[in-house]
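Here is the structure we will look at.
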Amino acid sequence: MKLSKWTAFLAAGTLAASLPAFPTAPAVQERGQALVTILPKHDTLSSKGAPSVTPNSNDLQLKINGKTTPITSVTRAHGPTSPLELVFLIDSSARSGIGNQLSYLANFARELPPDTRMAVAYMQNGRAVFSGPLSSNSAEIEAGIRLPSGPIGGSGSPYFCLTDLAQHWPSQDKTARREVVMITDGIDNYEPRFNPDDQYVQAAIHDAVRAGLMVYSIYWTNEGGSGRGPFAATGGQSLLLQVTEATGGASYWTGTGNPVSIDPFLKDIRIRLRNQYRIGFEAMARNKPEVQQMRLKLTSSESKLSAPQMVLITPQTGE
């Protein structure tokens, strides 16, 4: 039996309407969280109690991958719901005069708040070698603070060591703030000429963001590295700045030479640690964890914001 053209057209339309539509890779609602630092104008270490600033979502403007993203929560990061885990990562070649600075690290450990665990690790052969476990016992921490003893240039690349630390963080506590203070000249021995696109630096940034690390850096010249000159020193500082800006930390230096004292830097870090907040938001992305660009702006002029430029977005797993 033959069908007329009109009957055939109607039949085809009915069949098409009855077939299930194939999805066109819909965007997935994903949950994001970022740790940021919001410093009030007059906060000092002598201040007691909570920070004087209490930001809310109306004070902040967020963009993820260039798209405006609503902020769902702003929570102060402190106490048992947001404990602090802090690792000092010291270049094994940073021996020139750094022995005079070790007492400041010991003082830093003694003055940590009770919700903090700290450890010291040394950069050796591309690895972060710990001198002891994460601990809240200042005596135990101090026992691991020593003069670096590795061979000159033994760290290879400080960024290899940061990647190793990110991939082997010594804790599985998902609620903890993970923070790192690198003491190094920042020069990558595998890319001795300054390269802003250094693949090892970019890999370390990506691994640090995926592990949820906030990185600070204190510039300190390496033993045997003084002959590199100011150009190499500036290049190392620039690479460290890339890492700290991407992860939301801060970089410290006083020119291309060693500072007289790192104590002012440590005091500034302590102030930052007590003024941290977790911001929550939702973003549309692919159905897998991925690192995305982040831009956060603070509209209030009464405070200073330090936020990561990259953030890990993870898919919701259901309620």
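Letters for chains follow the order of the structure tokens (A, B, ...), residue numbers begin at 1 for each chain, and ligand numbers begin at 1 in the order shown.
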*Nearby residues (only C-alpha atoms) at most 6 Å from stretch 130-135 of chain A, same-chain spacing under 5 positions excluded, as a list in words*: Arg117, Met118, Ala119, Val120, Ala121 and Gly144 of chain A
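Proximity to A:Thr254 at 12 Å, evaluated using only C-alpha atoms and with sequence-adjacent residues fewer than 2 positions away removed, yields Ile218, Tyr219, Trp220, Thr221, Ala233, Thr234, Gln237, Ser251, Tyr252, Thr256, Gly257, Asn258, Pro259, Val260, Ser261, Ile262, Pro264 and Phe265 of chain A.
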Write a file of the just-selected residues containing all heavy atoms, as a CSV table (one decimal), in the first residue's frame.
chain,number,residue,atom,x,y,z
A,218,ILE,N,58.7,33.8,51.4
A,218,ILE,CA,59.7,34.8,51.9
A,218,ILE,C,61.0,34.6,51.1
A,218,ILE,O,61.5,33.5,51.1
A,218,ILE,CB,59.9,34.5,53.4
A,218,ILE,CG1,58.7,34.7,54.2
A,218,ILE,CG2,61.1,35.4,53.9
A,218,ILE,CD1,58.8,34.4,55.7
A,219,TYR,N,61.4,35.6,50.4
A,219,TYR,CA,62.6,35.5,49.6
A,219,TYR,C,63.8,35.4,50.4
A,219,TYR,O,64.1,36.2,51.3
A,219,TYR,CB,62.7,36.7,48.6
A,219,TYR,CG,63.9,36.7,47.8
A,219,TYR,CD1,63.9,36.0,46.6
A,219,TYR,CD2,65.0,37.5,48.1
A,219,TYR,CE1,65.1,35.9,45.8
A,219,TYR,CE2,66.2,37.5,47.4
A,219,TYR,CZ,66.2,36.7,46.2
A,219,TYR,OH,67.3,36.7,45.4
A,220,TRP,N,64.6,34.4,50.1
A,220,TRP,CA,65.9,34.2,50.8
A,220,TRP,C,66.9,33.6,49.8
A,220,TRP,O,66.6,32.6,49.2
A,220,TRP,CB,65.8,33.3,52.0
A,220,TRP,CG,67.0,33.4,52.9
A,220,TRP,CD1,68.1,32.7,52.8
A,220,TRP,CD2,67.1,34.3,54.0
A,220,TRP,NE1,69.0,33.1,53.8
A,220,TRP,CE2,68.4,34.0,54.6
A,220,TRP,CE3,66.3,35.3,54.6
A,220,TRP,CZ2,68.9,34.8,55.7
A,220,TRP,CZ3,66.8,36.0,55.7
A,220,TRP,CH2,68.1,35.7,56.2
A,221,THR,N,68.1,34.3,49.6
A,221,THR,CA,69.0,33.9,48.6
A,221,THR,C,69.6,32.5,49.0
A,221,THR,O,69.9,32.2,50.2
A,221,THR,CB,70.2,34.9,48.5
A,221,THR,OG1,70.8,35.1,49.7
A,221,THR,CG2,69.6,36.2,47.9
A,233,ALA,N,67.5,37.1,40.5
A,233,ALA,CA,66.8,37.3,41.8
A,233,ALA,C,65.4,37.8,41.5
A,233,ALA,O,64.4,37.4,42.1
A,233,ALA,CB,67.6,38.2,42.7
A,234,THR,N,65.3,38.9,40.7
A,234,THR,CA,64.0,39.4,40.3
A,234,THR,C,63.1,38.4,39.7
A,234,THR,O,61.9,38.4,39.9
A,234,THR,CB,64.2,40.7,39.4
A,234,THR,OG1,65.1,41.6,40.1
A,234,THR,CG2,62.9,41.3,39.1
A,237,GLN,N,61.7,36.1,42.3
A,237,GLN,CA,60.7,36.8,43.0
A,237,GLN,C,59.4,36.9,42.2
A,237,GLN,O,58.3,36.7,42.8
A,237,GLN,CB,61.1,38.2,43.4
A,237,GLN,CG,62.3,38.2,44.5
A,237,GLN,CD,62.8,39.6,44.7
A,237,GLN,OE1,62.5,40.5,44.0
A,237,GLN,NE2,63.7,39.7,45.7
A,251,SER,N,53.6,37.6,49.0
A,251,SER,CA,55.1,37.4,48.9
A,251,SER,C,55.8,38.5,49.6
A,251,SER,O,55.3,39.7,49.7
A,251,SER,CB,55.4,37.5,47.4
A,251,SER,OG,55.0,36.4,46.7
A,252,TYR,N,56.9,38.2,50.2
A,252,TYR,CA,57.7,39.1,51.0
A,252,TYR,C,59.1,39.2,50.6
A,252,TYR,O,59.8,38.1,50.4
A,252,TYR,CB,57.6,38.7,52.5
A,252,TYR,CG,56.2,38.6,53.1
A,252,TYR,CD1,55.6,37.4,53.1
A,252,TYR,CD2,55.6,39.7,53.6
A,252,TYR,CE1,54.3,37.2,53.6
A,252,TYR,CE2,54.3,39.6,54.1
A,252,TYR,CZ,53.7,38.4,54.1
A,252,TYR,OH,52.4,38.2,54.6
A,256,THR,N,66.9,42.6,46.4
A,256,THR,CA,67.4,41.3,45.9
A,256,THR,C,68.3,40.7,46.9
A,256,THR,O,68.9,39.6,46.7
A,256,THR,CB,68.1,41.5,44.6
A,256,THR,OG1,69.2,42.5,44.8
A,256,THR,CG2,67.2,42.0,43.5
A,257,GLY,N,68.5,41.3,48.1
A,257,GLY,CA,69.3,40.7,49.2
A,257,GLY,C,68.4,40.1,50.3
A,257,GLY,O,67.2,40.2,50.2
A,258,ASN,N,69.0,39.5,51.2
A,258,ASN,CA,68.3,38.9,52.3
A,258,ASN,C,67.8,40.0,53.3
A,258,ASN,O,68.5,41.0,53.5
A,258,ASN,CB,69.1,37.9,53.1
A,258,ASN,CG,69.4,36.6,52.3
A,258,ASN,OD1,68.7,36.3,51.4
A,258,ASN,ND2,70.5,36.0,52.6
A,259,PRO,N,66.6,39.8,53.9
A,259,PRO,CA,66.1,40.8,54.9
A,259,PRO,C,67.0,40.7,56.1
A,259,PRO,O,67.5,39.6,56.5
A,259,PRO,CB,64.7,40.4,55.1
A,259,PRO,CG,64.7,38.9,54.8
A,259,PRO,CD,65.6,38.7,53.6
A,260,VAL,N,67.0,41.8,56.9
A,260,VAL,CA,67.7,41.7,58.2
A,260,VAL,C,67.0,40.8,59.1
A,260,VAL,O,67.6,40.1,59.9
A,260,VAL,CB,67.8,43.1,58.8
A,260,VAL,CG1,68.4,43.1,60.2
A,260,VAL,CG2,68.6,44.1,57.9
A,261,SER,N,65.7,40.8,59.0
A,261,SER,CA,64.8,39.9,59.9
A,261,SER,C,63.6,39.5,59.1
A,261,SER,O,63.0,40.3,58.4
A,261,SER,CB,64.5,40.7,61.2
A,261,SER,OG,63.5,39.9,61.9
A,262,ILE,N,63.2,38.2,59.3
A,262,ILE,CA,61.9,37.8,58.7
A,262,ILE,C,60.8,38.0,59.7
A,262,ILE,O,59.6,37.7,59.4
A,262,ILE,CB,62.0,36.3,58.3
A,262,ILE,CG1,62.2,35.4,59.5
A,262,ILE,CG2,63.1,36.1,57.2
A,262,ILE,CD1,62.1,33.9,59.1
A,264,PRO,N,59.1,40.6,60.9
A,264,PRO,CA,57.9,41.4,60.4
A,264,PRO,C,57.0,40.7,59.4
A,264,PRO,O,55.8,40.8,59.4
A,264,PRO,CB,58.6,42.6,59.8
A,264,PRO,CG,59.9,42.7,60.4
A,264,PRO,CD,60.4,41.3,60.6
A,265,PHE,N,57.7,39.8,58.6
A,265,PHE,CA,56.9,39.0,57.6
A,265,PHE,C,56.0,38.0,58.4
A,265,PHE,O,54.8,37.8,58.0
A,265,PHE,CB,57.8,38.3,56.6
A,265,PHE,CG,58.7,39.2,55.9
A,265,PHE,CD1,60.0,38.7,55.4
A,265,PHE,CD2,58.4,40.5,55.6
A,265,PHE,CE1,60.8,39.5,54.7
A,265,PHE,CE2,59.3,41.4,54.9
A,265,PHE,CZ,60.5,40.9,54.5
*Residues of stretch 22-253 of chain A in helix (DSSP H, G or I) according to DSSP, as a VMD selection string?*
chain A and resid 57 to 59 79 to 81 98 to 110 138 to 143 158 to 167 199 to 210 226 to 247
Just the selected residues (C-alpha atoms), exported as a short mmCIF file (atom, residue, chain, number, x, y, z; two decimals), in the first residue's frame, please.
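Okay, selection-v6.cif is ready:
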data_model
loop_
_atom_site.label_atom_id
_atom_site.label_comp_id
_atom_site.auth_asym_id
_atom_site.auth_seq_id
_atom_site.Cartn_x
_atom_site.Cartn_y
_atom_site.Cartn_z
CA SER A 57 27.95 38.85 50.32
CA ASN A 58 26.82 42.41 49.50
CA ASP A 59 30.39 43.63 50.08
CA GLY A 79 38.01 27.44 65.49
CA PRO A 80 37.24 23.72 65.35
CA THR A 81 35.09 24.02 62.20
CA ILE A 98 69.37 31.94 57.87
CA GLY A 99 70.51 30.43 61.17
CA ASN A 100 69.93 33.85 62.73
CA GLN A 101 66.27 33.67 61.69
CA LEU A 102 65.36 30.31 63.16
CA SER A 103 64.47 31.77 66.55
CA TYR A 104 61.70 33.75 64.84
CA LEU A 105 60.23 30.52 63.50
CA ALA A 106 60.33 29.06 67.01
CA ASN A 107 58.53 32.14 68.39
CA PHE A 108 55.96 31.83 65.61
CA ALA A 109 55.28 28.22 66.65
CA ARG A 110 54.89 29.19 70.32
CA SER A 138 55.32 23.96 70.14
CA ALA A 139 58.19 21.94 71.66
CA GLU A 140 57.67 19.20 69.06
CA ILE A 141 57.59 21.78 66.26
CA GLU A 142 60.72 23.53 67.52
CA ALA A 143 62.58 20.22 67.53
CA PRO A 158 61.29 24.82 44.61
CA TYR A 159 58.21 24.23 42.45
CA PHE A 160 58.86 20.48 42.26
CA CYS A 161 58.89 20.53 46.06
CA LEU A 162 55.65 22.51 46.25
CA THR A 163 53.99 20.04 43.87
CA ASP A 164 55.22 17.14 46.02
CA LEU A 165 53.79 18.80 49.14
CA ALA A 166 50.45 19.44 47.42
CA GLN A 167 50.21 15.83 46.27
CA GLN A 199 55.86 24.80 32.99
CA TYR A 200 57.01 23.67 36.42
CA VAL A 201 55.67 26.82 38.07
CA GLN A 202 52.34 26.45 36.28
CA ALA A 203 52.14 22.79 37.29
CA ALA A 204 52.88 23.70 40.93
CA ILE A 205 50.16 26.37 40.88
CA HIS A 206 47.64 23.93 39.44
CA ASP A 207 48.52 21.24 42.00
CA ALA A 208 48.44 23.73 44.88
CA VAL A 209 44.98 24.98 43.87
CA ARG A 210 43.64 21.44 43.50
CA SER A 226 74.82 35.02 44.75
CA GLY A 227 76.64 35.00 41.40
CA ARG A 228 73.38 34.89 39.48
CA GLY A 229 72.90 38.63 39.78
CA PRO A 230 69.87 40.86 40.34
CA PHE A 231 68.14 39.77 37.12
CA ALA A 232 67.90 36.17 38.29
CA ALA A 233 66.83 37.29 41.76
CA THR A 234 64.05 39.45 40.34
CA GLY A 235 62.96 36.57 38.12
CA GLY A 236 62.73 34.24 41.12
CA GLN A 237 60.68 36.79 43.04
CA SER A 238 58.33 37.18 40.06
CA LEU A 239 57.76 33.43 39.88
CA LEU A 240 57.00 33.26 43.59
CA LEU A 241 54.58 36.16 43.16
CA GLN A 242 52.73 34.17 40.49
CA VAL A 243 52.27 31.30 42.94
CA THR A 244 51.13 33.44 45.87
CA GLU A 245 48.72 35.53 43.82
CA ALA A 246 47.16 32.43 42.23
CA THR A 247 46.59 30.80 45.64
#
*Show which residues sit within 7 Å of A:Val181, as a PyMOL selection string. Count only C-alpha atoms, and ignore same-chain residues fewer than 6 positions away.*
chain A and resi 87-89+215-217
Those residues you just picked out, can you put them in a file as a PDB file, in the first residue's frame with N, CA, C and O atoms?
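Contents of the output file part-v5.pdb:
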ATOM      1  N   VAL A  87      52.472  24.592  57.001  1.00  0.00           N
ATOM      2  CA  VAL A  87      53.768  23.971  56.756  1.00  0.00           C
ATOM      3  C   VAL A  87      54.762  25.033  56.301  1.00  0.00           C
ATOM      4  O   VAL A  87      54.495  25.780  55.349  1.00  0.00           O
ATOM      5  N   PHE A  88      55.896  25.132  56.998  1.00  0.00           N
ATOM      6  CA  PHE A  88      57.018  25.940  56.528  1.00  0.00           C
ATOM      7  C   PHE A  88      57.861  25.053  55.609  1.00  0.00           C
ATOM      8  O   PHE A  88      58.361  24.009  56.041  1.00  0.00           O
ATOM      9  N   LEU A  89      58.007  25.465  54.356  1.00  0.00           N
ATOM     10  CA  LEU A  89      58.759  24.707  53.359  1.00  0.00           C
ATOM     11  C   LEU A  89      60.034  25.489  53.056  1.00  0.00           C
ATOM     12  O   LEU A  89      60.005  26.513  52.374  1.00  0.00           O
ATOM     13  N   VAL A 215      49.465  29.792  49.569  1.00  0.00           N
ATOM     14  CA  VAL A 215      50.927  29.817  49.642  1.00  0.00           C
ATOM     15  C   VAL A 215      51.433  31.232  49.894  1.00  0.00           C
ATOM     16  O   VAL A 215      51.026  32.185  49.215  1.00  0.00           O
ATOM     17  N   TYR A 216      52.339  31.349  50.856  1.00  0.00           N
ATOM     18  CA  TYR A 216      53.091  32.579  51.117  1.00  0.00           C
ATOM     19  C   TYR A 216      54.552  32.305  50.753  1.00  0.00           C
ATOM     20  O   TYR A 216      55.009  31.161  50.792  1.00  0.00           O
ATOM     21  N   SER A 217      55.299  33.352  50.433  1.00  0.00           N
ATOM     22  CA  SER A 217      56.726  33.166  50.151  1.00  0.00           C
ATOM     23  C   SER A 217      57.546  34.254  50.830  1.00  0.00           C
ATOM     24  O   SER A 217      57.141  35.416  50.887  1.00  0.00           O
TER      25      SER A 217
END
*Using only C-alpha atoms, which residues sit within 7 Å of A:Leu305 once same-chain residues fewer than 3 positions away are excluded, as a PyMOL selection string?*
chain A and resi 37-39+298
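For the set A:Thr175, A:Lys41, A:Gly280, A:Asp185, the residue with the smallest atom-to-atom gap to A:Gly255 is A:Asp185, counting only C-alpha atoms.
Counting only C-alpha atoms, the residue from A:Arg272, A:Arg295, A:His168, A:Arg146 that sits nearest to A:Ala250 is A:Arg272.
The interatomic distance for the pair atom CA of A:Ser300 and atom CA of A:Leu273 works out to 20.2 Å.
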*d(atom CA of A:Lys267, atom CA of A:Trp169) in Å*: 24.6 Å
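Taking atom CA of A:Thr72 as the reference point, atom CA of A:Pro55 is found at 12.9 Å.
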*Near-A:Asn65 list (7 Å; only C-alpha atoms; drop same-chain fewer than 2 positions) as a list in words*: Lys63, Lys67, Gln292, Gln293 and Met294 of chain A
Writer output for current selection, all heavy atoms, as a PDB file, in the first residue's frame:
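Contents of again.pdb, freshly written:
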ATOM      1  N   LYS A  63      33.522  36.862  40.079  1.00  0.00           N
ATOM      2  CA  LYS A  63      33.435  36.356  38.718  1.00  0.00           C
ATOM      3  C   LYS A  63      34.238  35.061  38.620  1.00  0.00           C
ATOM      4  O   LYS A  63      35.371  34.994  39.098  1.00  0.00           O
ATOM      5  CB  LYS A  63      33.967  37.372  37.711  1.00  0.00           C
ATOM      6  CG  LYS A  63      33.056  38.585  37.503  1.00  0.00           C
ATOM      7  CD  LYS A  63      33.562  39.480  36.380  1.00  0.00           C
ATOM      8  CE  LYS A  63      32.600  40.637  36.141  1.00  0.00           C
ATOM      9  NZ  LYS A  63      33.065  41.497  35.020  1.00  0.00           N
ATOM     10  N   LYS A  67      32.483  35.255  34.353  1.00  0.00           N
ATOM     11  CA  LYS A  67      31.040  35.363  34.498  1.00  0.00           C
ATOM     12  C   LYS A  67      30.677  35.701  35.943  1.00  0.00           C
ATOM     13  O   LYS A  67      31.160  35.066  36.875  1.00  0.00           O
ATOM     14  CB  LYS A  67      30.363  34.055  34.090  1.00  0.00           C
ATOM     15  CG  LYS A  67      30.541  33.713  32.612  1.00  0.00           C
ATOM     16  CD  LYS A  67      29.804  32.431  32.262  1.00  0.00           C
ATOM     17  CE  LYS A  67      29.970  32.109  30.774  1.00  0.00           C
ATOM     18  NZ  LYS A  67      29.256  30.853  30.396  1.00  0.00           N
ATOM     19  N   GLN A 292      39.427  26.780  37.800  1.00  0.00           N
ATOM     20  CA  GLN A 292      38.893  27.883  37.006  1.00  0.00           C
ATOM     21  C   GLN A 292      39.462  29.211  37.488  1.00  0.00           C
ATOM     22  O   GLN A 292      39.949  29.334  38.613  1.00  0.00           O
ATOM     23  CB  GLN A 292      37.365  27.894  37.081  1.00  0.00           C
ATOM     24  CG  GLN A 292      36.719  26.630  36.537  1.00  0.00           C
ATOM     25  CD  GLN A 292      35.214  26.736  36.446  1.00  0.00           C
ATOM     26  OE1 GLN A 292      34.626  27.801  36.618  1.00  0.00           O
ATOM     27  NE2 GLN A 292      34.564  25.619  36.155  1.00  0.00           N
ATOM     28  N   GLN A 293      39.387  30.208  36.617  1.00  0.00           N
ATOM     29  CA  GLN A 293      39.829  31.553  36.961  1.00  0.00           C
ATOM     30  C   GLN A 293      38.830  32.199  37.911  1.00  0.00           C
ATOM     31  O   GLN A 293      37.618  32.038  37.774  1.00  0.00           O
ATOM     32  CB  GLN A 293      39.971  32.409  35.705  1.00  0.00           C
ATOM     33  CG  GLN A 293      41.033  31.923  34.727  1.00  0.00           C
ATOM     34  CD  GLN A 293      42.435  32.055  35.291  1.00  0.00           C
ATOM     35  OE1 GLN A 293      42.751  33.028  35.988  1.00  0.00           O
ATOM     36  NE2 GLN A 293      43.282  31.076  34.999  1.00  0.00           N
ATOM     37  N   MET A 294      39.344  32.938  38.868  1.00  0.00           N
ATOM     38  CA  MET A 294      38.494  33.596  39.858  1.00  0.00           C
ATOM     39  C   MET A 294      38.918  35.050  40.025  1.00  0.00           C
ATOM     40  O   MET A 294      40.112  35.361  40.086  1.00  0.00           O
ATOM     41  CB  MET A 294      38.596  32.855  41.195  1.00  0.00           C
ATOM     42  CG  MET A 294      37.933  33.568  42.368  1.00  0.00           C
ATOM     43  SD  MET A 294      38.039  32.589  43.889  1.00  0.00           S
ATOM     44  CE  MET A 294      37.767  33.882  45.112  1.00  0.00           C
TER      45      MET A 294
END
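Closest approach to A:Asn275 among A:Ser306, A:Thr68, A:Ser73, A:Asn287 is made by A:Ser306 (distances from only C-alpha atoms).
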*Can you list every residue in stretch 82-245 of chain A that DSSP puts in strand (DSSP E or B), as number ranges by chain?*
A: 84-91, 116-124, 127-130, 135, 177-184, 213-219
Only N, CA and C atoms, please: the residues just picked out, written as an mmCIF file, in the first residue's frame.
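The resulting file, selection-v9.cif, is shown below:
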data_model
loop_
_atom_site.group_PDB
_atom_site.id
_atom_site.type_symbol
_atom_site.label_atom_id
_atom_site.label_comp_id
_atom_site.auth_asym_id
_atom_site.auth_seq_id
_atom_site.Cartn_x
_atom_site.Cartn_y
_atom_site.Cartn_z
ATOM 1 N N LEU A 84 43.512 25.199 61.359
ATOM 2 C CA LEU A 84 44.610 25.630 60.501
ATOM 3 C C LEU A 84 45.712 24.579 60.481
ATOM 4 N N GLU A 85 46.162 24.209 59.277
ATOM 5 C CA GLU A 85 47.329 23.352 59.092
ATOM 6 C C GLU A 85 48.362 24.154 58.302
ATOM 7 N N LEU A 86 49.542 24.333 58.898
ATOM 8 C CA LEU A 86 50.549 25.233 58.337
ATOM 9 C C LEU A 86 51.882 24.514 58.196
ATOM 10 N N VAL A 87 52.472 24.592 57.001
ATOM 11 C CA VAL A 87 53.768 23.971 56.756
ATOM 12 C C VAL A 87 54.762 25.033 56.301
ATOM 13 N N PHE A 88 55.896 25.132 56.998
ATOM 14 C CA PHE A 88 57.018 25.940 56.528
ATOM 15 C C PHE A 88 57.861 25.053 55.609
ATOM 16 N N LEU A 89 58.007 25.465 54.356
ATOM 17 C CA LEU A 89 58.759 24.707 53.359
ATOM 18 C C LEU A 89 60.034 25.489 53.056
ATOM 19 N N ILE A 90 61.168 24.998 53.586
ATOM 20 C CA ILE A 90 62.422 25.756 53.549
ATOM 21 C C ILE A 90 63.374 25.155 52.531
ATOM 22 N N ASP A 91 63.921 25.993 51.684
ATOM 23 C CA ASP A 91 64.873 25.549 50.661
ATOM 24 C C ASP A 91 66.122 24.997 51.345
ATOM 25 N N THR A 116 45.582 25.267 65.660
ATOM 26 C CA THR A 116 46.590 25.199 64.599
ATOM 27 C C THR A 116 47.518 24.004 64.793
ATOM 28 N N ARG A 117 47.836 23.344 63.685
ATOM 29 C CA ARG A 117 48.895 22.335 63.672
ATOM 30 C C ARG A 117 49.937 22.777 62.641
ATOM 31 N N MET A 118 51.203 22.667 63.019
ATOM 32 C CA MET A 118 52.290 23.180 62.183
ATOM 33 C C MET A 118 53.367 22.120 62.030
ATOM 34 N N ALA A 119 54.079 22.176 60.908
ATOM 35 C CA ALA A 119 55.219 21.292 60.675
ATOM 36 C C ALA A 119 56.237 22.034 59.829
ATOM 37 N N VAL A 120 57.457 21.538 59.827
ATOM 38 C CA VAL A 120 58.543 22.110 59.024
ATOM 39 C C VAL A 120 59.015 21.044 58.045
ATOM 40 N N ALA A 121 59.155 21.432 56.785
ATOM 41 C CA ALA A 121 59.670 20.530 55.753
ATOM 42 C C ALA A 121 60.782 21.239 54.992
ATOM 43 N N TYR A 122 61.694 20.456 54.440
ATOM 44 C CA TYR A 122 62.844 21.005 53.712
ATOM 45 C C TYR A 122 62.825 20.517 52.266
ATOM 46 N N MET A 123 63.169 21.429 51.364
ATOM 47 C CA MET A 123 63.209 21.099 49.938
ATOM 48 C C MET A 123 64.465 20.283 49.642
ATOM 49 N N GLN A 124 64.282 19.037 49.250
ATOM 50 C CA GLN A 124 65.418 18.169 48.943
ATOM 51 C C GLN A 124 65.092 17.297 47.733
ATOM 52 N N ARG A 127 61.574 17.092 46.526
ATOM 53 C CA ARG A 127 60.585 16.605 47.476
ATOM 54 C C ARG A 127 60.501 17.518 48.695
ATOM 55 N N ALA A 128 59.364 17.447 49.382
ATOM 56 C CA ALA A 128 59.192 18.135 50.656
ATOM 57 C C ALA A 128 59.437 17.117 51.761
ATOM 58 N N VAL A 129 60.600 17.208 52.405
ATOM 59 C CA VAL A 129 61.001 16.223 53.413
ATOM 60 C C VAL A 129 60.692 16.794 54.802
ATOM 61 N N PHE A 130 59.771 16.150 55.512
ATOM 62 C CA PHE A 130 59.317 16.662 56.803
ATOM 63 C C PHE A 130 60.291 16.281 57.912
ATOM 64 N N SER A 135 51.751 19.229 64.150
ATOM 65 C CA SER A 135 51.587 19.168 65.598
ATOM 66 C C SER A 135 51.147 20.521 66.140
ATOM 67 N N ARG A 177 42.134 24.571 56.961
ATOM 68 C CA ARG A 177 42.795 25.527 56.073
ATOM 69 C C ARG A 177 44.227 25.044 55.865
ATOM 70 N N ARG A 178 44.630 24.856 54.634
ATOM 71 C CA ARG A 178 45.972 24.373 54.330
ATOM 72 C C ARG A 178 46.829 25.542 53.839
ATOM 73 N N GLU A 179 47.867 25.869 54.598
ATOM 74 C CA GLU A 179 48.681 27.035 54.264
ATOM 75 C C GLU A 179 50.161 26.657 54.277
ATOM 76 N N VAL A 180 50.914 27.290 53.367
ATOM 77 C CA VAL A 180 52.333 26.988 53.191
ATOM 78 C C VAL A 180 53.123 28.289 53.189
ATOM 79 N N VAL A 181 54.237 28.306 53.894
ATOM 80 C CA VAL A 181 55.182 29.424 53.826
ATOM 81 C C VAL A 181 56.475 28.897 53.217
ATOM 82 N N MET A 182 56.771 29.302 51.989
ATOM 83 C CA MET A 182 58.000 28.899 51.318
ATOM 84 C C MET A 182 59.111 29.894 51.631
ATOM 85 N N ILE A 183 60.276 29.394 52.037
ATOM 86 C CA ILE A 183 61.453 30.247 52.236
ATOM 87 C C ILE A 183 62.480 29.812 51.192
ATOM 88 N N THR A 184 62.656 30.614 50.158
ATOM 89 C CA THR A 184 63.473 30.238 49.009
ATOM 90 C C THR A 184 63.736 31.464 48.147
ATOM 91 N N LEU A 213 45.709 24.676 48.737
ATOM 92 C CA LEU A 213 46.778 25.337 49.477
ATOM 93 C C LEU A 213 46.749 26.847 49.254
ATOM 94 N N MET A 214 46.964 27.593 50.310
ATOM 95 C CA MET A 214 47.242 29.024 50.215
ATOM 96 C C MET A 214 48.727 29.186 50.502
ATOM 97 N N VAL A 215 49.465 29.792 49.569
ATOM 98 C CA VAL A 215 50.927 29.817 49.642
ATOM 99 C C VAL A 215 51.433 31.232 49.894
ATOM 100 N N TYR A 216 52.339 31.349 50.856
ATOM 101 C CA TYR A 216 53.091 32.579 51.117
ATOM 102 C C TYR A 216 54.552 32.305 50.753
ATOM 103 N N SER A 217 55.299 33.352 50.433
ATOM 104 C CA SER A 217 56.726 33.166 50.151
ATOM 105 C C SER A 217 57.546 34.254 50.830
ATOM 106 N N ILE A 218 58.693 33.829 51.371
ATOM 107 C CA ILE A 218 59.683 34.761 51.920
ATOM 108 C C ILE A 218 60.958 34.575 51.116
ATOM 109 N N TYR A 219 61.383 35.621 50.439
ATOM 110 C CA TYR A 219 62.569 35.517 49.581
ATOM 111 C C TYR A 219 63.829 35.431 50.426
#
*Would you kindly return, as a list in words, each protein, DNA or RNA residue with an atom no farther than 10 Å from any atom of A:Lys174, considering only C-alpha atoms and excluding same-chain residues fewer than 5 positions away?*
Ser82, Pro83 and Gly212 of chain A
